[in-house]
>>> print(open('run.txt').read())   # compact mmCIF, C-alpha atoms
# COMPACT_ATOMS: atom_id res chain seq x y z
CA MET P 77 44.64 8.60 -35.20
CA SER P 78 47.70 10.40 -33.85
CA ILE P 79 50.43 11.80 -36.10
CA LEU P 80 54.14 11.11 -36.29
CA TYR P 81 55.96 14.15 -37.67
CA VAL P 82 59.37 13.23 -39.09
CA TYR P 83 61.83 16.09 -39.61
CA LEU P 84 64.90 15.57 -41.81
CA PRO P 85 67.54 18.35 -41.74
CA CYS P 86 69.13 18.63 -45.18
CA TYR P 87 72.12 20.53 -46.50
CA ASN P 88 73.44 19.31 -49.85
CA GLU P 89 71.95 15.83 -49.48
CA ALA P 90 71.05 15.30 -53.15
CA GLY P 91 72.62 11.85 -53.08
CA ASN P 92 70.79 10.77 -49.92
CA ILE P 93 67.45 12.44 -49.37
CA GLN P 94 65.30 10.57 -51.91
CA SER P 95 66.35 7.17 -50.58
CA LEU P 96 65.67 8.32 -47.01
CA ILE P 97 62.20 9.66 -47.80
CA GLU P 98 61.36 6.47 -49.68
CA ALA P 99 62.50 4.42 -46.67
CA TRP P 100 60.14 6.40 -44.45
CA LEU P 101 57.26 5.91 -46.87
CA ARG P 102 57.79 2.15 -46.61
CA GLU P 103 57.03 2.41 -42.87
CA LYS P 104 53.67 4.11 -43.43
CA ASP P 105 51.45 1.04 -43.12
CA ALA P 106 53.24 -0.31 -40.03
CA LEU P 107 52.96 3.09 -38.38
CA GLN P 108 49.24 3.22 -39.06
CA GLU P 109 48.85 -0.16 -37.38
CA GLU P 110 50.56 1.39 -34.34
CA GLY P 111 48.12 4.32 -34.41
CA TYR P 112 50.10 6.99 -36.27
CA ASP P 113 49.64 8.77 -39.56
CA LEU P 114 52.97 9.72 -41.13
CA LYS P 115 54.10 13.23 -42.06
CA ILE P 116 57.60 13.71 -43.53
CA ILE P 117 59.04 17.22 -43.33
CA PRO P 118 62.51 17.73 -44.80
CA VAL P 119 64.08 21.01 -43.65
CA ASP P 120 66.31 22.25 -46.45
CA ASP P 121 68.98 24.53 -45.02
CA LYS P 122 69.63 26.56 -48.19
CA SER P 123 71.35 23.73 -50.05
CA THR P 124 73.59 24.72 -52.94
CA ASP P 125 72.98 21.49 -54.88
CA ASN P 126 69.60 20.18 -56.11
CA THR P 127 68.43 18.78 -52.75
CA LEU P 128 65.46 21.13 -52.63
CA GLU P 129 64.41 20.29 -56.19
CA ILE P 130 64.44 16.57 -55.38
CA ILE P 131 62.30 17.11 -52.29
CA ARG P 132 59.83 19.32 -54.14
CA SER P 133 59.42 16.68 -56.85
CA MET P 134 58.60 14.09 -54.17
CA GLU P 135 56.27 16.54 -52.45
CA LYS P 136 54.17 16.72 -55.62
CA VAL P 137 53.74 12.93 -55.70
CA HIS P 138 53.48 12.03 -52.02
CA PRO P 139 50.94 13.89 -49.85
CA GLU P 140 52.89 12.76 -46.76
CA VAL P 141 55.82 15.01 -47.75
CA ARG P 142 55.97 18.75 -46.95
CA VAL P 143 59.21 20.68 -47.32
CA ILE P 144 60.38 23.62 -45.23
CA ALA P 145 63.02 25.67 -47.07
CA HIS P 146 65.29 28.07 -45.19
CA ARG P 147 66.03 31.27 -47.06
CA VAL P 148 69.45 31.49 -45.40
CA ASN P 149 71.69 28.76 -44.03
CA GLN P 150 71.10 28.22 -40.29
CA ASN P 151 73.14 25.05 -39.69
CA LEU P 152 71.89 22.07 -37.68
CA GLY P 153 70.78 24.14 -34.70
CA GLY P 154 68.59 26.29 -36.90
CA ALA P 155 67.06 23.26 -38.59
CA LEU P 156 66.35 21.67 -35.22
CA PHE P 157 64.70 24.83 -33.88
CA THR P 158 62.65 25.13 -37.07
CA ALA P 159 61.48 21.56 -36.58
CA VAL P 160 60.51 22.10 -32.93
CA ARG P 161 58.55 25.27 -33.65
CA ASP P 162 56.80 23.74 -36.65
CA PHE P 163 55.86 20.66 -34.63
CA LEU P 164 54.49 22.73 -31.76
CA HIS P 165 52.50 24.82 -34.26
CA LYS P 166 51.16 21.99 -36.44
CA GLY P 167 50.98 19.19 -33.89
CA ALA P 168 48.92 18.54 -30.79
CA SER P 169 48.94 16.50 -27.61
CA GLY P 170 49.38 12.83 -28.44
CA ASN P 171 51.49 13.50 -31.52
CA LEU P 172 55.15 12.56 -31.77
CA MET P 173 58.12 14.26 -33.40
CA CYS P 174 61.00 12.26 -34.85
CA PHE P 175 64.21 14.06 -35.78
CA MET P 176 67.03 12.28 -37.58
CA ASP P 177 69.99 13.05 -39.82
CA GLY P 178 69.13 13.64 -43.46
CA ASP P 179 72.16 11.79 -44.83
CA ASN P 180 70.63 8.27 -44.93
CA THR P 181 72.83 6.92 -42.13
CA HIS P 182 69.81 6.29 -39.87
CA LYS P 183 67.17 3.68 -40.73
CA PRO P 184 63.50 4.64 -40.21
CA SER P 185 62.67 1.06 -39.21
CA PHE P 186 64.12 1.62 -35.73
CA VAL P 187 61.31 4.07 -34.96
CA HIS P 188 58.98 1.21 -34.04
CA ARG P 189 60.95 0.14 -30.98
CA MET P 190 61.29 3.85 -30.10
CA ILE P 191 57.50 4.23 -30.18
CA LEU P 192 57.20 1.19 -27.93
CA ARG P 193 59.47 2.79 -25.33
CA GLN P 194 57.48 6.02 -25.57
CA LYS P 195 54.27 4.10 -24.91
CA GLU P 196 55.97 2.67 -21.82
CA GLY P 197 56.34 6.18 -20.42
CA ALA P 198 59.38 7.91 -21.93
CA ASP P 199 59.05 11.52 -23.13
CA CYS P 200 62.17 11.36 -25.30
CA VAL P 201 63.56 8.16 -26.79
CA ILE P 202 67.09 8.17 -28.18
CA ALA P 203 68.43 5.77 -30.81
CA SER P 204 71.64 5.04 -28.96
CA ARG P 205 75.05 3.79 -30.06
CA TYR P 206 75.76 2.75 -26.47
CA GLN P 207 73.00 0.27 -25.69
CA PRO P 208 73.58 -3.51 -25.86
CA GLY P 209 72.96 -4.68 -29.41
CA ALA P 210 73.87 -1.40 -31.10
CA LYS P 211 76.13 -1.59 -34.16
CA ILE P 212 78.20 0.95 -36.08
CA HIS P 213 79.24 0.54 -39.70
CA GLY P 214 81.74 2.64 -41.61
CA VAL P 215 82.80 5.17 -38.97
CA PRO P 216 86.55 5.95 -38.98
CA SER P 217 88.43 4.87 -35.87
CA ASN P 218 89.35 8.44 -34.92
CA ARG P 219 85.68 9.43 -34.97
CA LEU P 220 84.79 6.42 -32.82
CA ALA P 221 87.42 7.43 -30.27
CA LEU P 222 86.08 10.97 -30.15
CA SER P 223 82.53 9.70 -29.69
CA ASP P 224 83.56 7.42 -26.84
CA GLY P 225 85.47 10.24 -25.15
CA ALA P 226 82.51 12.58 -25.56
CA LYS P 227 80.20 10.01 -23.98
CA LEU P 228 82.38 9.80 -20.87
CA TYR P 229 82.72 13.58 -20.61
CA TYR P 230 79.03 14.34 -21.05
CA SER P 231 77.99 11.62 -18.64
CA ALA P 232 80.32 13.00 -15.98
CA MET P 233 79.41 16.62 -16.64
CA LEU P 234 75.65 16.41 -17.21
CA HIS P 235 74.64 12.96 -15.86
CA VAL P 236 71.12 12.95 -17.28
CA PRO P 237 69.27 9.87 -15.97
CA ASP P 238 68.91 6.98 -18.44
CA VAL P 239 71.02 8.69 -21.14
CA LYS P 240 74.30 7.41 -22.54
CA ASP P 241 74.19 8.92 -26.05
CA TYR P 242 74.03 12.71 -25.76
CA THR P 243 74.69 13.61 -29.38
CA CYS P 244 72.89 11.16 -31.70
CA GLY P 245 70.40 13.09 -33.79
CA TYR P 246 67.91 10.23 -34.10
CA ARG P 247 65.31 10.90 -31.40
CA LEU P 248 61.60 10.66 -30.74
CA TYR P 249 59.89 13.39 -28.69
CA THR P 250 56.41 13.76 -27.25
CA TYR P 251 54.48 16.96 -27.85
CA SER P 252 54.15 17.64 -24.12
CA ALA P 253 57.90 17.35 -23.45
CA LEU P 254 58.86 19.82 -26.18
CA ASN P 255 56.01 22.15 -25.26
CA ASP P 256 57.07 22.22 -21.61
CA ALA P 257 60.67 22.96 -22.54
CA TYR P 258 59.69 25.64 -25.04
CA ARG P 259 57.45 27.38 -22.51
CA LYS P 260 60.37 27.44 -20.09
CA TYR P 261 63.16 28.58 -22.43
CA GLN P 262 61.34 30.19 -25.38
CA LYS P 263 63.84 31.45 -27.99
CA ASP P 264 66.73 30.23 -25.83
CA LEU P 265 65.68 26.58 -26.08
CA ILE P 266 68.26 26.03 -28.84
CA THR P 267 71.02 28.59 -29.08
CA MET P 268 73.84 26.54 -30.59
CA GLN P 269 74.10 26.22 -34.37
CA SER P 270 76.65 23.41 -34.37
CA PHE P 271 76.17 19.69 -33.65
CA SER P 272 76.22 20.53 -29.93
CA CYS P 273 72.61 21.71 -30.33
CA MET P 274 71.55 18.09 -29.80
CA MET P 275 73.19 18.00 -26.40
CA GLU P 276 71.78 21.43 -25.53
CA LEU P 277 68.20 20.43 -26.29
CA LEU P 278 68.60 17.16 -24.40
CA TYR P 279 69.84 18.88 -21.26
CA LYS P 280 67.14 21.57 -21.35
CA LEU P 281 64.51 18.88 -21.75
CA HIS P 282 66.00 17.21 -18.68
CA LYS P 283 65.77 20.47 -16.71
CA SER P 284 62.11 20.69 -17.80
CA GLY P 285 61.27 17.30 -16.29
CA CYS P 286 61.61 15.10 -19.38
CA ARG P 287 61.91 11.31 -18.90
CA PHE P 288 64.37 9.58 -21.22
CA ALA P 289 64.89 6.11 -22.61
CA GLU P 290 67.28 4.63 -25.15
CA VAL P 291 67.03 1.84 -27.69
CA PRO P 292 69.94 0.24 -29.57
CA PHE P 293 70.18 0.94 -33.28
CA THR P 294 72.58 0.44 -36.16
CA LEU P 295 74.42 3.45 -37.57
CA TYR P 296 75.10 2.99 -41.29
CA TYR P 297 77.72 5.66 -41.82
CA ASP P 298 78.89 3.91 -44.99
CA ASN P 299 75.48 4.60 -46.61
CA LYS P 300 76.25 8.31 -46.76
CA VAL P 301 76.84 9.78 -50.23
CA GLY P 302 79.18 12.77 -50.04
CA ALA P 303 81.66 14.08 -47.48
CA SER P 304 80.83 14.69 -43.83
CA LYS P 305 79.87 18.27 -43.00
CA MET P 306 81.18 18.05 -39.45
CA ARG P 307 84.24 20.16 -38.65
CA ILE P 308 85.67 17.82 -36.07
CA LEU P 309 87.98 20.13 -34.09
CA LYS P 310 85.41 22.94 -33.93
CA THR P 311 82.70 20.48 -32.93
CA VAL P 312 84.85 19.06 -30.12
CA LYS P 313 85.67 22.53 -28.80
CA ASP P 314 82.05 23.69 -28.98
CA SER P 315 80.79 20.56 -27.27
CA LEU P 316 83.26 20.80 -24.38
CA VAL P 317 82.39 24.44 -23.77
CA VAL P 318 78.65 23.99 -24.18
CA ALA P 319 78.49 21.09 -21.74
CA LEU P 320 80.33 23.13 -19.12
CA LYS P 321 78.09 26.16 -19.61
CA LEU P 322 74.96 24.04 -19.43
CA ARG P 323 76.07 22.46 -16.17
CA LEU P 324 77.00 25.82 -14.60
CA PHE P 325 74.33 28.16 -15.89
CA CYS P 326 71.29 26.27 -17.19
CA LYS P 327 68.46 26.28 -14.66
>>> encode(input="run.txt", output="C-alpha cells")
Amino acid sequence: MSILYVYLPCYNEAGNIQSLIEAWLREKDALQEEGYDLKIIPVDDKSTDNTLEIIRSMEKVHPEVRVIAHRVNQNLGGALFTAVRDFLHKGASGNLMCFMDGDNTHKPSFVHRMILRQKEGADCVIASRYQPGAKIHGVPSNRLALSDGAKLYYSAMLHVPDVKDYTCGYRLYTYSALNDAYRKYQKDLITMQSFSCMMELLYKLHKSGCRFAEVPFTLYYDNKVGASKMRILKTVKDSLVVALKLRLFCK
C-alpha cells in the first residue's frame, strides 16, 4: 500500500482546520480502495489563536493526523518548504504528496480525479480554476480580475506546458518529481515566503523535467471563516517580479 501525505498550511485557522481534517478523514476508505493509506499533516505556522490546540486534540484521537509546529512564523513559503522536506524524509518512491490551503476553501474529494491523472502519467496535478467545468464561489470581483490577469501574465512569461493555473495551492506531487527538483535546487527550491512560492515551485519543477496536468475543481471561498491573509498589492508586486526573475535567471 502506498501513502498519500496531505499537508495543510495553517496560520490562525481555528475556525476552519477541524472541518478540513474531518473532510479528509471521510476520504480515507475511498483512498484505500485506490491503493493509498492516508496521512494528514497540518503545518502550524506559529498561530496566535488556538489552531495548534485544535490540531493536537485531533492528533490524540486520529492516528492519521500528525502536526508539525513552527517555532517562528515562516509564511506560506516556509510551510511549503517544510512540507516538501518532511515528505522527502518520511515518504518513498510511489508515495504522493498533496498540498492545499488550510482555510477549508478546497474540498478533499477532488483528490480522486487528481490521483487518476497522476496514474495516467503526470508528475504534478493541479486543481485548476481554468479548466472546463471549474467553478468559483464567493470570490470578490476584484480578486477574480487579478487572478485572470495573473493567469495571462504567467502564461506569457513562463509558458509551462499543460499549465493554466500557476498559483492555486491545491496540488498533487509524486515523490520522484519533488526529489529531482530538490536534488537540483537544494535550499533554493523555495525562496519566496509569499503566495508566489507556489509559482516558484511550479516553475522549478518544470525546469527539472516535471510533467503537469490539471483537473477542474470548485473553489469554495465562501466557506472560509475569518479574513483573508493575503496582502493583495504586495502579492501582485511579488508575483510580477518573481515571474520575471524565474524566466531570466532560473536554469
>>> closest_residue(input="run.txt", among="P:Leu164, P:Ala232, P:Ile131, P:Met176", to="Tyr83 of chain P", atoms="all atoms listed in the file")
P:Met176
>>> residues_around(input="run.txt", residues="segment 166-170 of chain P", least_positions_apart="2", cutoff="8 Å", atoms="only C-alpha atoms", output="list in words")
Ser78, Ile79, Asp162, Phe163, Leu164, Leu172, Thr250, Tyr251 and Ser252 of chain P
>>> closest_residue(input="run.txt", among="P:Glu140, P:Asp264, P:Asp125, P:Glu196", to="Leu101 of chain P", atoms="all atoms listed in the file")
P:Glu140
>>> atom_distance(input="run.txt", atom1="atom CA of Lys115 of chain P", atom2="atom CA of Val239 of chain P")
27.3 Å
>>> residues_around(input="run.txt", residues="Cys244 of chain P", least_positions_apart="3", cutoff="9 Å", atoms="all atoms listed in the file", output="PyMOL selection string")
chain P and resi 176-177+202-205+241+247+274-275
>>> write_last_selection(input="run.txt", atoms="C-alpha atoms", output="PDB file, keeping the file's coordinate frame")
ATOM      1  CA  MET P 176      67.030  12.280 -37.580  1.00  0.00           C
ATOM      2  CA  ASP P 177      69.990  13.050 -39.820  1.00  0.00           C
ATOM      3  CA  ILE P 202      67.090   8.170 -28.180  1.00  0.00           C
ATOM      4  CA  ALA P 203      68.430   5.770 -30.810  1.00  0.00           C
ATOM      5  CA  SER P 204      71.640   5.040 -28.960  1.00  0.00           C
ATOM      6  CA  ARG P 205      75.050   3.790 -30.060  1.00  0.00           C
ATOM      7  CA  ASP P 241      74.190   8.920 -26.050  1.00  0.00           C
ATOM      8  CA  ARG P 247      65.310  10.900 -31.400  1.00  0.00           C
ATOM      9  CA  MET P 274      71.550  18.090 -29.800  1.00  0.00           C
ATOM     10  CA  MET P 275      73.190  18.000 -26.400  1.00  0.00           C
TER      11      MET P 275
END
>>> residues_near_point(input="run.txt", point="(79.6, 9.4, -26.4)", cutoff="12 Å", atoms="only C-alpha atoms", output="ChimeraX atom specification")
/P:204-207,219-232,239-244,275,312,315
>>> closest_residue(input="run.txt", among="P:Ala155, P:Ala198, P:Ile93, P:Val291", to="Ile130 of chain P", atoms="all atoms listed in the file")
P:Ile93
>>> closest_residue(input="run.txt", among="P:Ala106, P:Tyr112, P:Asp179, P:Lys321", to="Met268 of chain P", atoms="all atoms listed in the file")
P:Lys321
>>> atom_distance(input="run.txt", atom1="atom CA of Arg102 of chain P", atom2="atom CA of Ala289 of chain P")
25.3 Å
>>> axis_aligned_box(input="run.txt", around="segment 99-114 of chain P", padding_each_side="4 Å", output="AutoDock Vina command-line options")
--center_x 55.3 --center_y 4.7 --center_z -40.6 --size_x 22.4 --size_y 18.0 --size_z 20.5
>>> atom_distance(input="run.txt", atom1="atom CA of Met77 of chain P", atom2="atom CA of Glu98 of chain P")
22.2 Å
